[in-house]
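Right, one structure below, let's go through it.
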Amino acid sequence: MNTQVSKYKRCLCLPSLYFTLFIYLFSQPVLFSFLSLSSLAMASSNSNEVKFVPEEDNFLQRHVSFFDRNKDGIVYPSETFQGFRAIGCGYALSTFASMFINMGLSRQTRPGKGFSLSFPIEVKNIHLAKHGSDSGVYDKDGRFVASKFEEIFTKHAHTHSDALTKEELKELLNANKEPIDRKGGILAYAEWKGLYDLCKDKNGLLQKETVRAVYDGSLFEKLEKQRANKS
Ligand SMILES: [Ca+2]
């Protein structure tokens, strides 16, 4: 697991990825400055409110709650940034992720509410941002479906029972792809491809325990503790 974690962190430093991120960020300096200041103010103003506790069996809420740094149930861009920094990501990747994730998910998690330039993500509604063509490991409410998780490996882990090769991952994606759901298919591909590239071990295998740790967010907590112990 430690080897996989080290690999994960090394991969976050890919020069080409940083170059792409910098190009994007330099094209949006005014917007990002505004977002950062407004979301920092919002996160700070909520620091004394009742703490939000994700449901124990709701892995999707637990996954997202890692980034809710003040545990008020809302993830602002500044908190997403802090979360990525906490697990060892660089400034550029953390900045890009905070904008991309919050701008992409905010509206769906706030049903019936108006557009907000602070781009808050409501953790309790994160299941509303789920997309199609996924593995079904998160149910419609975001709860972990153990049988679906096991099914990933019983159906597609042909070479090793507790890990996926690159080809087996392609097989999984093709099996999950819904015919008329192009958007969901692209998102699923991006998520699994990113997970594989970042977390595969030295033999090119995506280990079962790593995949599970991503689903419940415990991989993030492990990375944060490892980073804190080193400093
Ligand atoms: Ca928060």
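Each chain in the structure tokens gets a letter, A, B and so on, in the order shown; residues start at 1 in every chain, and ligands are counted from 1 in the order they appear.
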Point to revise | Environment of ligand 1 within 7 Å, counting only C-alpha atoms and all ligand atoms, reported as a VMD selection string | key: chain A and resid 43 68 to 76 79
Pull C-alpha atoms from the residues just selected and write them as a CSV table (one decimal), in the first residue's frame.
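So out21.csv came out as:
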chain,number,residue,atom,x,y,z
A,43,ALA,CA,-15.8,28.7,4.8
A,68,ASP,CA,-14.9,19.7,3.9
A,69,ARG,CA,-12.1,21.0,6.1
A,70,ASN,CA,-14.2,22.8,8.7
A,71,LYS,CA,-16.9,20.0,8.7
A,72,ASP,CA,-19.9,22.3,8.1
A,73,GLY,CA,-21.3,20.1,5.4
A,74,ILE,CA,-20.3,22.4,2.5
A,75,VAL,CA,-17.1,22.2,0.4
A,76,TYR,CA,-15.9,25.5,-1.0
A,79,GLU,CA,-11.4,23.7,1.0
Show me, as a Markdown table, the residues of range 56-107 of chain A having an atom within 8 Å of range 131-149 of chain A, each with the closest atom pair and its distance in Å, using only C-alpha atoms.
| residue | atom | partner | partner_atom | distance |
| --- | --- | --- | --- | --- |
| A:Asp57 | CA | A:Arg143 | CA | 5.8 |
| A:Asn58 | CA | A:Arg143 | CA | 4.1 |
| A:Phe59 | CA | A:Arg143 | CA | 5.5 |
| A:Leu60 | CA | A:Gly142 | CA | 4.9 |
| A:Gln61 | CA | A:Gly142 | CA | 6.9 |
Just-selected residues, C-alpha atoms written as a JSON list (two decimals), in the first residue's frame:
[["chain", "number", "residue", "atom", "x", "y", "z"],
["A", 57, "ASP", "CA", -22.40, 3.63, 5.41],
["A", 58, "ASN", "CA", -22.44, 6.46, 2.87],
["A", 59, "PHE", "CA", -19.03, 6.08, 1.28],
["A", 60, "LEU", "CA", -19.65, 8.87, -1.22],
["A", 61, "GLN", "CA", -20.30, 11.38, 1.59]]
Check your understanding: Skipping near chain neighbours, those fewer than 5 positions away, what residues fall within 7 Å of range 102-105 of chain A using only C-alpha atoms, listed as a list of chain:residue names?
Key ->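 Those residues are A:Pro77, A:Phe119, A:Pro120, A:Ile121, A:Ala129.
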Convert the current residue selection to file output with C-alpha atoms, as a PDB file, in the first residue's frame.
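And here's again_20.pdb as it stands now:
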ATOM      1  CA  PRO A  77     -13.204  25.829  -3.581  1.00  0.00           C
ATOM      2  CA  PHE A 119     -19.503  27.336  -5.992  1.00  0.00           C
ATOM      3  CA  PRO A 120     -20.333  25.481  -2.763  1.00  0.00           C
ATOM      4  CA  ILE A 121     -20.825  21.708  -2.839  1.00  0.00           C
ATOM      5  CA  ALA A 129     -23.915  14.660  -8.851  1.00  0.00           C
TER       6      ALA A 129
END
Point to revise | In range 117-163 of chain A, DSSP strand (DSSP E or B) residues written as a ChimeraX atom specification | key: /A:121-122,138,144,160,163
Check your understanding: Taking into account only C-alpha atoms, which residue in the set A:Ile186, A:Gln226, A:Asp216, A:Ala163 is nearest to Asn203 in chain A?
Key ->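 Selected residue with least distance to Asn203 in chain A: A:Ala163.
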**Study point:** Minimum-distance residue to Lys225 in chain A, chosen among A:Gly112, A:Gly88, A:Gly185, A:Pro54 (using only C-alpha atoms)
**Key:**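 Nearest candidate to Lys225 in chain A out of A:Gly112, A:Gly88, A:Gly185, A:Pro54: A:Gly88.
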